[in-house]
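Student: You'll find run_24.cif just under this line, and it carries mmCIF, C-alpha atoms.
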```cif
data_upload
#
loop_
_atom_site.group_PDB
_atom_site.id
_atom_site.type_symbol
_atom_site.label_atom_id
_atom_site.label_comp_id
_atom_site.auth_asym_id
_atom_site.auth_seq_id
_atom_site.Cartn_x
_atom_site.Cartn_y
_atom_site.Cartn_z
ATOM 1 C CA MET A 1 -10.570 3.582 -264.717
ATOM 2 C CA ILE A 2 -9.710 1.843 -261.455
ATOM 3 C CA LYS A 3 -11.701 2.911 -258.396
ATOM 4 C CA LYS A 4 -9.745 1.255 -255.608
ATOM 5 C CA ILE A 5 -6.113 0.358 -255.045
ATOM 6 C CA ILE A 6 -4.222 -1.328 -252.226
ATOM 7 C CA VAL A 7 -0.770 -0.132 -251.225
ATOM 8 C CA ALA A 8 1.222 -3.160 -250.045
ATOM 9 C CA SER A 9 2.399 -1.255 -246.980
ATOM 10 C CA ASN A 10 1.120 0.123 -243.684
ATOM 11 C CA ASN A 11 3.545 3.070 -243.702
ATOM 12 C CA LYS A 12 1.355 6.120 -242.983
ATOM 13 C CA ASN A 13 3.703 8.589 -244.724
ATOM 14 C CA LYS A 14 3.797 6.431 -247.846
ATOM 15 C CA ILE A 15 -0.009 6.109 -247.922
ATOM 16 C CA ARG A 16 -0.407 9.873 -247.440
ATOM 17 C CA GLU A 17 2.079 10.608 -250.226
ATOM 18 C CA ILE A 18 0.299 8.290 -252.664
ATOM 19 C CA LYS A 19 -3.118 9.736 -251.767
ATOM 20 C CA ALA A 20 -1.781 13.251 -252.401
ATOM 21 C CA LYS A 21 -0.334 12.248 -255.780
ATOM 22 C CA LEU A 22 -3.663 10.637 -256.796
ATOM 23 C CA ALA A 23 -5.770 13.621 -255.714
ATOM 24 C CA GLY A 24 -8.393 14.390 -258.340
ATOM 25 C CA LEU A 25 -8.372 10.915 -259.875
ATOM 26 C CA ASP A 26 -11.253 9.549 -257.746
ATOM 27 C CA ILE A 27 -9.329 6.456 -256.618
ATOM 28 C CA GLU A 28 -9.726 5.083 -253.094
ATOM 29 C CA VAL A 29 -6.322 4.230 -251.585
ATOM 30 C CA LEU A 30 -6.152 1.534 -248.897
ATOM 31 C CA SER A 31 -3.230 0.328 -246.835
ATOM 32 C CA GLN A 32 -2.896 -3.447 -246.781
ATOM 33 C CA LYS A 33 -4.144 -3.417 -243.168
ATOM 34 C CA GLU A 34 -7.227 -1.368 -244.122
ATOM 35 C CA ALA A 35 -7.862 -3.920 -246.876
ATOM 36 C CA GLY A 36 -7.748 -6.713 -244.286
ATOM 37 C CA PHE A 37 -4.382 -8.261 -245.131
ATOM 38 C CA ASN A 38 -2.012 -8.485 -242.197
ATOM 39 C CA ILE A 39 0.860 -10.349 -243.819
ATOM 40 C CA GLU A 40 4.608 -9.747 -243.903
ATOM 41 C CA VAL A 41 6.112 -10.681 -247.261
ATOM 42 C CA GLU A 42 9.707 -11.892 -247.099
ATOM 43 C CA GLU A 43 11.945 -9.888 -249.427
ATOM 44 C CA THR A 44 13.939 -12.706 -251.009
ATOM 45 C CA GLY A 45 14.613 -10.950 -254.334
ATOM 46 C CA THR A 46 18.034 -9.832 -255.498
ATOM 47 C CA SER A 47 16.791 -6.527 -256.976
ATOM 48 C CA PHE A 48 14.425 -3.738 -255.986
ATOM 49 C CA GLU A 49 12.060 -4.779 -258.769
ATOM 50 C CA GLU A 50 11.938 -8.403 -257.598
ATOM 51 C CA ASN A 51 11.223 -7.387 -254.006
ATOM 52 C CA SER A 52 8.546 -4.846 -254.874
ATOM 53 C CA MET A 53 6.883 -7.350 -257.201
ATOM 54 C CA LEU A 54 6.926 -10.053 -254.497
ATOM 55 C CA LYS A 55 5.045 -7.703 -252.164
ATOM 56 C CA ALA A 56 2.557 -6.542 -254.813
ATOM 57 C CA ARG A 57 1.858 -10.047 -256.099
ATOM 58 C CA ALA A 58 1.284 -11.453 -252.596
ATOM 59 C CA ILE A 59 -1.463 -8.905 -251.897
ATOM 60 C CA TYR A 60 -2.936 -9.084 -255.411
ATOM 61 C CA ASP A 61 -3.268 -12.863 -255.169
ATOM 62 C CA LEU A 62 -5.378 -12.379 -252.030
ATOM 63 C CA ALA A 63 -7.393 -9.298 -253.039
ATOM 64 C CA LYS A 64 -7.708 -9.543 -256.847
ATOM 65 C CA ILE A 65 -7.808 -5.745 -257.170
ATOM 66 C CA PRO A 66 -5.018 -3.354 -258.271
ATOM 67 C CA VAL A 67 -2.000 -3.202 -255.948
ATOM 68 C CA ILE A 68 1.187 -1.183 -255.796
ATOM 69 C CA ALA A 69 4.302 -1.886 -253.776
ATOM 70 C CA ASP A 70 7.712 -0.300 -253.705
ATOM 71 C CA ASP A 71 11.239 -1.236 -252.815
ATOM 72 C CA GLY A 72 14.277 0.933 -252.838
ATOM 73 C CA GLY A 73 17.475 1.868 -251.161
ATOM 74 C CA LEU A 74 20.782 3.664 -251.232
ATOM 75 C CA GLU A 75 23.480 2.913 -253.812
ATOM 76 C CA VAL A 76 26.959 4.284 -253.086
ATOM 77 C CA ASP A 77 29.426 4.338 -255.994
ATOM 78 C CA PHE A 78 32.521 3.910 -253.797
ATOM 79 C CA LEU A 79 30.910 0.798 -252.243
ATOM 80 C CA ASN A 80 30.146 -0.705 -255.678
ATOM 81 C CA GLY A 81 26.444 0.052 -255.361
ATOM 82 C CA ARG A 82 26.073 -1.206 -251.817
ATOM 83 C CA PRO A 83 24.058 -1.276 -249.620
ATOM 84 C CA GLY A 84 21.551 -1.372 -252.513
ATOM 85 C CA VAL A 85 18.905 -4.055 -252.184
ATOM 86 C CA TYR A 86 20.252 -4.821 -248.698
ATOM 87 C CA SER A 87 19.837 -1.224 -247.444
ATOM 88 C CA ALA A 88 17.412 -2.230 -244.689
ATOM 89 C CA ARG A 89 19.571 -5.149 -243.566
ATOM 90 C CA PHE A 90 23.030 -3.591 -244.072
ATOM 91 C CA CYS A 91 24.279 -4.167 -240.514
ATOM 92 C CA GLY A 92 22.159 -7.147 -239.548
ATOM 93 C CA PRO A 93 18.535 -7.495 -238.451
ATOM 94 C CA ASP A 94 18.788 -5.590 -235.150
ATOM 95 C CA ALA A 95 20.756 -2.567 -236.374
ATOM 96 C CA THR A 96 19.307 0.910 -235.932
ATOM 97 C CA ASP A 97 19.171 3.459 -238.742
ATOM 98 C CA LYS A 98 22.054 5.256 -237.024
ATOM 99 C CA ASP A 99 24.126 2.035 -236.983
ATOM 100 C CA LYS A 100 23.661 1.712 -240.734
ATOM 101 C CA TYR A 101 24.533 5.255 -241.751
ATOM 102 C CA MET A 102 27.461 5.427 -239.344
ATOM 103 C CA LYS A 103 28.869 2.235 -240.903
ATOM 104 C CA ILE A 104 28.764 3.905 -244.329
ATOM 105 C CA LEU A 105 30.507 7.005 -242.958
ATOM 106 C CA GLU A 106 33.182 4.786 -241.420
ATOM 107 C CA LEU A 107 33.725 2.884 -244.687
ATOM 108 C CA MET A 108 34.077 6.234 -246.512
ATOM 109 C CA LYS A 109 36.062 8.223 -243.966
ATOM 110 C CA ASP A 110 38.976 8.847 -246.364
ATOM 111 C CA VAL A 111 36.894 9.284 -249.542
ATOM 112 C CA LYS A 112 36.817 12.759 -251.098
ATOM 113 C CA GLY A 113 34.754 14.787 -253.572
ATOM 114 C CA ASP A 114 33.090 13.082 -256.536
ATOM 115 C CA GLU A 115 33.985 9.645 -255.171
ATOM 116 C CA ARG A 116 31.229 10.219 -252.587
ATOM 117 C CA ALA A 117 28.548 10.060 -255.314
ATOM 118 C CA ALA A 118 25.434 8.082 -254.401
ATOM 119 C CA ARG A 119 21.804 7.742 -255.318
ATOM 120 C CA PHE A 120 18.534 6.601 -253.888
ATOM 121 C CA ARG A 121 16.702 4.276 -256.275
ATOM 122 C CA CYS A 122 13.088 3.114 -256.015
ATOM 123 C CA ILE A 123 10.986 0.720 -258.053
ATOM 124 C CA ILE A 124 7.187 0.895 -257.887
ATOM 125 C CA SER A 125 5.526 -2.352 -258.944
ATOM 126 C CA TYR A 126 1.914 -2.055 -260.044
ATOM 127 C CA ILE A 127 -0.401 -4.970 -260.711
ATOM 128 C CA ASP A 128 -3.512 -3.858 -262.557
ATOM 129 C CA GLU A 129 -7.067 -5.209 -262.418
ATOM 130 C CA ASN A 130 -6.175 -7.857 -265.012
ATOM 131 C CA GLY A 131 -3.193 -9.134 -263.029
ATOM 132 C CA ASP A 132 -0.658 -7.600 -265.437
ATOM 133 C CA SER A 133 2.478 -6.176 -263.838
ATOM 134 C CA HIS A 134 4.227 -2.879 -264.551
ATOM 135 C CA ALA A 135 7.346 -1.301 -263.030
ATOM 136 C CA PHE A 136 8.271 2.371 -262.640
ATOM 137 C CA GLU A 137 11.709 3.600 -261.551
ATOM 138 C CA GLY A 138 12.653 6.750 -259.696
ATOM 139 C CA ILE A 139 16.209 7.934 -258.995
ATOM 140 C CA CYS A 140 17.500 10.802 -256.883
ATOM 141 C CA ASN A 141 21.213 11.531 -257.310
ATOM 142 C CA GLY A 142 23.303 13.019 -254.552
ATOM 143 C CA LYS A 143 26.369 12.287 -252.474
ATOM 144 C CA ILE A 144 27.324 11.044 -249.042
ATOM 145 C CA ALA A 145 27.899 13.791 -246.477
ATOM 146 C CA ASN A 146 31.002 13.788 -244.279
ATOM 147 C CA SER A 147 28.864 13.619 -241.133
ATOM 148 C CA PRO A 148 25.153 13.242 -240.283
ATOM 149 C CA MET A 149 23.079 16.425 -240.561
ATOM 150 C CA GLY A 150 19.423 17.175 -239.849
ATOM 151 C CA ASP A 151 16.664 16.228 -237.438
ATOM 152 C CA ASN A 152 14.495 13.906 -239.548
ATOM 153 C CA ASP A 153 16.429 10.837 -238.485
ATOM 154 C CA PHE A 154 14.966 8.275 -240.883
ATOM 155 C CA GLY A 155 16.960 5.637 -242.752
ATOM 156 C CA TYR A 156 20.002 7.046 -244.509
ATOM 157 C CA ASP A 157 18.508 10.565 -244.805
ATOM 158 C CA PRO A 158 21.002 12.260 -242.427
ATOM 159 C CA ILE A 159 23.966 11.389 -244.674
ATOM 160 C CA PHE A 160 22.391 11.781 -248.147
ATOM 161 C CA LEU A 161 23.156 15.213 -249.596
ATOM 162 C CA VAL A 162 21.193 16.782 -252.430
ATOM 163 C CA GLY A 163 22.822 20.129 -253.134
ATOM 164 C CA ASP A 164 23.899 21.529 -249.769
ATOM 165 C CA LYS A 165 21.252 19.823 -247.606
ATOM 166 C CA THR A 166 20.652 16.270 -246.536
ATOM 167 C CA PHE A 167 17.269 14.596 -246.840
ATOM 168 C CA ALA A 168 17.070 14.942 -243.036
ATOM 169 C CA GLN A 169 17.300 18.745 -243.313
ATOM 170 C CA ILE A 170 14.359 19.303 -245.661
ATOM 171 C CA SER A 171 10.615 19.032 -245.055
ATOM 172 C CA GLN A 172 8.650 15.909 -245.957
ATOM 173 C CA GLU A 173 6.867 17.922 -248.665
ATOM 174 C CA GLU A 174 10.164 19.015 -250.256
ATOM 175 C CA LYS A 175 11.493 15.483 -250.034
ATOM 176 C CA ASN A 176 8.389 14.022 -251.708
ATOM 177 C CA LYS A 177 8.936 16.326 -254.698
ATOM 178 C CA ILE A 178 12.505 15.219 -255.397
ATOM 179 C CA SER A 179 12.813 11.790 -253.792
ATOM 180 C CA HIS A 180 13.327 8.554 -255.671
ATOM 181 C CA ARG A 181 9.948 7.263 -254.474
ATOM 182 C CA GLY A 182 8.192 10.510 -255.357
ATOM 183 C CA ARG A 183 9.604 10.350 -258.895
ATOM 184 C CA ALA A 184 8.606 6.694 -259.326
ATOM 185 C CA ILE A 185 5.086 7.466 -258.074
ATOM 186 C CA ASP A 186 4.845 10.402 -260.505
ATOM 187 C CA LYS A 187 5.636 8.064 -263.422
ATOM 188 C CA TRP A 188 3.003 5.603 -262.220
ATOM 189 C CA VAL A 189 0.365 8.350 -261.842
ATOM 190 C CA GLU A 190 1.120 9.579 -265.389
ATOM 191 C CA TYR A 191 0.613 6.019 -266.614
ATOM 192 C CA LEU A 192 -2.771 5.835 -264.847
ATOM 193 C CA LYS A 193 -3.863 9.159 -266.360
ATOM 194 C CA ASN A 194 -2.989 7.959 -269.837
ATOM 195 C CA ILE A 195 -5.002 4.726 -269.645
ATOM 196 C CA LYS A 196 -8.286 6.345 -268.632
#
```
Rewrite the structure from the file as C-alpha cells, please.

Tutor:
Amino acid sequence: MIKKIIVASNNKNKIREIKAKLAGLDIEVLSQKEAGFNIEVEETGTSFEENSMLKARAIYDLAKIPVIADDGGLEVDFLNGRPGVYSARFCGPDATDKDKYMKILELMKDVKGDERAARFRCIISYIDENGDSHAFEGICNGKIANSPMGDNDFGYDPIFLVGDKTFAQISQEEKNKISHRGRAIDKWVEYLKNIK
C-alpha cells in the first residue's frame, strides 16, 4: 500500500478534500509545494484527461512517487460542450470568474428549460509507484441558472444549478459530496482500497 502521495496542486481546498477522502488509509498527502516542486505545468492538452495527465506526469517524473492531478470544467449542451477544456480561459487570460459566467448567461439569455442542461466533468489522473497511469471520471449534471445566485463566488458555481440551488448556495461539505471532483476522487479512493 502506498504511504505517500503528491497532489499536483497547491489549492488548499483540494488538498483538504483529498485528505478527508483518504482518512483512515494511513497515506500522507502532500501538495506539490510541500513536496518541493514549484512548477507551473502548461495545460496544452485538448481534453481534461490529457491536461490532468500532463500535470501528474510532470510531478511524477521529478518525484518518482505516486501523484494525482485533476482537470475539469463546465460543459453546456446549448454551447456544444463549451467552455469544456477551456473553462479557465473562456474569456481570455485576464478574465475574472464573473466575466466568464456572465458571458455564458449572455450567450444563453433566450434559452429555456431543458436546453439549459449542463454538467461539470472532472478527470483525476493517478500515476502509481510503478509509473503506471490511471484515470477516474466524475460528472455532476445540472443546468445553467437564469442569473447568478449564492455567495461562494468561485468559478462557474453561481450559475450552475443542481436541483433548486447553485453550487454557490451550498456549503463546501455538501458540494464535495456531489461535485464532479468529489465523485472522481471517490472512484480513485475505491481503487486504492481494492489494491491493498

Student: Rounded to one decimal place, report the CA of Ile18 (chain A)-CA of Leu192 (chain A) distance in Å.

Tutor: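 Rounded to one decimal, the two atoms are 12.8 Å apart.
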
Student: So how far away is CA of Lys3 (chain A) from CA of Ile185 (chain A), in Å?

Tutor: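 Between these atoms lies a distance of 17.4 Å.
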
Student: Grab the CA of Lys4 (chain A) to CA of Thr44 (chain A) distance for me, in Å with one decimal place.

Tutor: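 So the answer is 27.9 Å.
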
Student: Show me the residues around (29.5, 12.0, -257.0) - criterion: an atom at most 12 Å away, all atoms listed in the file counted - as a list in words.

Tutor: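 Looking at atoms near the point gives Glu75, Val76, Asp77, Phe78, Val111, Lys112, Gly113, Asp114, Glu115, Arg116, Ala117, Ala118, Arg119, Asn141, Gly142, Lys143, Ile144, Ala145, Phe160, Leu161, Val162 and Gly163 of chain A.
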
Student: Can you spit out the residues from that selection as a CSV table (one decimal), keeping the file's coordinate frame, using C-alpha atoms?

Tutor:
```csv
chain,number,residue,atom,x,y,z
A,75,GLU,CA,23.5,2.9,-253.8
A,76,VAL,CA,27.0,4.3,-253.1
A,77,ASP,CA,29.4,4.3,-256.0
A,78,PHE,CA,32.5,3.9,-253.8
A,111,VAL,CA,36.9,9.3,-249.5
A,112,LYS,CA,36.8,12.8,-251.1
A,113,GLY,CA,34.8,14.8,-253.6
A,114,ASP,CA,33.1,13.1,-256.5
A,115,GLU,CA,34.0,9.6,-255.2
A,116,ARG,CA,31.2,10.2,-252.6
A,117,ALA,CA,28.5,10.1,-255.3
A,118,ALA,CA,25.4,8.1,-254.4
A,119,ARG,CA,21.8,7.7,-255.3
A,141,ASN,CA,21.2,11.5,-257.3
A,142,GLY,CA,23.3,13.0,-254.6
A,143,LYS,CA,26.4,12.3,-252.5
A,144,ILE,CA,27.3,11.0,-249.0
A,145,ALA,CA,27.9,13.8,-246.5
A,160,PHE,CA,22.4,11.8,-248.1
A,161,LEU,CA,23.2,15.2,-249.6
A,162,VAL,CA,21.2,16.8,-252.4
A,163,GLY,CA,22.8,20.1,-253.1
```

Student: If we draw a sphere of 10 Å around (13.1, -10.5, -247.1), which residues have at least one atom in it when counting all atoms listed in the file? Please report them as a ChimeraX atom specification.

Tutor: /A:40-46,51,54-55,86,88-89

Student: Would you kindly translate the PyMOL selection byres ((chain A and resi 67) around 10) into the concrete residues it picks from this file, as a ChimeraX atom specification?

Tutor: /A:4-8,29-32,53,55-61,63-66,68-69,125-129,131,133

Student: Tell me which protein, DNA and RNA residues are within 9 Å of Leu79 (chain A), counting all atoms listed in the file, leaving out same-chain ones fewer than 5 positions away, and put them as a PyMOL selection string.

Tutor: chain A and resi 104+107-108

Student: I'd like the neighbourhood of Ser47 (chain A) as a list in words, where a residue qualifies if any of its atoms comes within 9 Å (using all atoms listed in the file), though same-chain residues fewer than 6 positions away should be ignored.

Tutor: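 Once the adjacent positions are removed, what remains is Asp71, Gly72, Gly84 and Val85 of chain A.
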
Student: Keeping C-alpha atoms for every residue in the selection just given, could you write it to a file as a PDB file, in the coordinates of the input?

Tutor:
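Once written, out35.pdb looks like this:
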```pdb
ATOM      1  CA  ASP A  71      11.239  -1.236-252.815  1.00  0.00           C
ATOM      2  CA  GLY A  72      14.277   0.933-252.838  1.00  0.00           C
ATOM      3  CA  GLY A  84      21.551  -1.372-252.513  1.00  0.00           C
ATOM      4  CA  VAL A  85      18.905  -4.055-252.184  1.00  0.00           C
TER       5      VAL A  85
END
```

Student: Of the candidates A:Gln172, A:Lys109, A:Ser87, A:Lys98, which shows the shortest atom-to-atom distance to Pro158 (chain A), using all atoms listed in the file?

Tutor: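 Closest candidate: A:Lys98.
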
Student: From the set A:Ile2, A:Pro148, A:Phe154, A:Ser9, which residue has the shortest atom-to-atom contact distance to Asp26 (chain A), counting all atoms listed in the file?

Tutor: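 For Asp26 (chain A), the nearest of the candidates is A:Ile2.
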
Student: A:Ile39, A:Ala168, A:Ile27, A:Ala184: which is nearest Gly138 (chain A), counting all atoms listed in the file?

Tutor: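 Residue with the minimum atom-to-atom distance to Gly138 (chain A): A:Ala184.
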
Student: Could you check the closest approach to Arg181 (chain A) for each of A:Asp153, A:Asp70, A:Asp110, A:Asn130 and tell me which residue wins, using only C-alpha atoms?

Tutor: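 Of A:Asp153, A:Asp70, A:Asp110, A:Asn130, the one nearest Arg181 (chain A) is A:Asp70, counting only C-alpha atoms.
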
Student: From the set A:Arg16, A:Leu25, A:Asp94, A:Gly73, which residue has the shortest atom-to-atom contact distance to Ser52 (chain A), counting only C-alpha atoms?

Tutor: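 Ranked by minimum distance to Ser52 (chain A), first place goes to A:Gly73.
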
Student: Expanded to explicit residues, what is the PyMOL selection byres ((chain A and resi 21) around 8) for this file, as a list of chain:residue names?

Tutor: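 Those residues are A:Glu17, A:Ile18, A:Lys19, A:Ala20, A:Leu22, A:Ala23, A:Ile185, A:Asp186, A:Val189.
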
Student: Evaluating the PyMOL selection byres ((chain A and resi 180) around 8) on the displayed file yields which residues, as a list in words?

Tutor: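 Expected selection for the PyMOL selection byres ((chain A and resi 180) around 8) here is Phe120, Arg121, Cys122, Glu137, Gly138, Ile139, Cys140, Ile178, Ser179, Arg181, Gly182, Arg183 and Ala184 of chain A.
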
Student: Have region 180-193 of chain A completed to N, CA and C atoms, please, and pass it along as a PDB file, in the coordinates of the input.

Tutor:
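As written to disk, selection-v3.pdb reads:
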```
ATOM      1  N   HIS A 180      13.405   9.684-254.751  1.00  0.00           N
ATOM      2  CA  HIS A 180      13.327   8.554-255.671  1.00  0.00           C
ATOM      3  C   HIS A 180      11.919   7.975-255.696  1.00  0.00           C
ATOM      4  N   ARG A 181      11.301   7.822-254.510  1.00  0.00           N
ATOM      5  CA  ARG A 181       9.948   7.263-254.474  1.00  0.00           C
ATOM      6  C   ARG A 181       8.943   8.225-255.089  1.00  0.00           C
ATOM      7  N   GLY A 182       9.091   9.511-254.776  1.00  0.00           N
ATOM      8  CA  GLY A 182       8.192  10.510-255.357  1.00  0.00           C
ATOM      9  C   GLY A 182       8.251  10.500-256.881  1.00  0.00           C
ATOM     10  N   ARG A 183       9.449  10.365-257.433  1.00  0.00           N
ATOM     11  CA  ARG A 183       9.604  10.350-258.895  1.00  0.00           C
ATOM     12  C   ARG A 183       9.017   9.083-259.508  1.00  0.00           C
ATOM     13  N   ALA A 184       9.190   7.943-258.822  1.00  0.00           N
ATOM     14  CA  ALA A 184       8.606   6.694-259.326  1.00  0.00           C
ATOM     15  C   ALA A 184       7.078   6.765-259.281  1.00  0.00           C
ATOM     16  N   ILE A 185       6.544   7.326-258.190  1.00  0.00           N
ATOM     17  CA  ILE A 185       5.086   7.466-258.074  1.00  0.00           C
ATOM     18  C   ILE A 185       4.554   8.391-259.158  1.00  0.00           C
ATOM     19  N   ASP A 186       5.279   9.483-259.441  1.00  0.00           N
ATOM     20  CA  ASP A 186       4.845  10.402-260.505  1.00  0.00           C
ATOM     21  C   ASP A 186       4.729   9.684-261.851  1.00  0.00           C
ATOM     22  N   LYS A 187       5.689   8.812-262.152  1.00  0.00           N
ATOM     23  CA  LYS A 187       5.636   8.064-263.422  1.00  0.00           C
ATOM     24  C   LYS A 187       4.424   7.136-263.447  1.00  0.00           C
ATOM     25  N   TRP A 188       4.151   6.503-262.315  1.00  0.00           N
ATOM     26  CA  TRP A 188       3.003   5.603-262.220  1.00  0.00           C
ATOM     27  C   TRP A 188       1.691   6.372-262.390  1.00  0.00           C
ATOM     28  N   VAL A 189       1.586   7.538-261.738  1.00  0.00           N
ATOM     29  CA  VAL A 189       0.365   8.350-261.842  1.00  0.00           C
ATOM     30  C   VAL A 189       0.153   8.809-263.284  1.00  0.00           C
ATOM     31  N   GLU A 190       1.237   9.201-263.963  1.00  0.00           N
ATOM     32  CA  GLU A 190       1.120   9.579-265.389  1.00  0.00           C
ATOM     33  C   GLU A 190       0.588   8.420-266.203  1.00  0.00           C
ATOM     34  N   TYR A 191       1.084   7.229-265.926  1.00  0.00           N
ATOM     35  CA  TYR A 191       0.613   6.019-266.614  1.00  0.00           C
ATOM     36  C   TYR A 191      -0.890   5.845-266.396  1.00  0.00           C
ATOM     37  N   LEU A 192      -1.335   5.982-265.140  1.00  0.00           N
ATOM     38  CA  LEU A 192      -2.771   5.835-264.847  1.00  0.00           C
ATOM     39  C   LEU A 192      -3.609   6.863-265.606  1.00  0.00           C
ATOM     40  N   LYS A 193      -3.120   8.099-265.662  1.00  0.00           N
ATOM     41  CA  LYS A 193      -3.863   9.159-266.360  1.00  0.00           C
ATOM     42  C   LYS A 193      -3.999   8.863-267.850  1.00  0.00           C
TER      43      LYS A 193
END
```
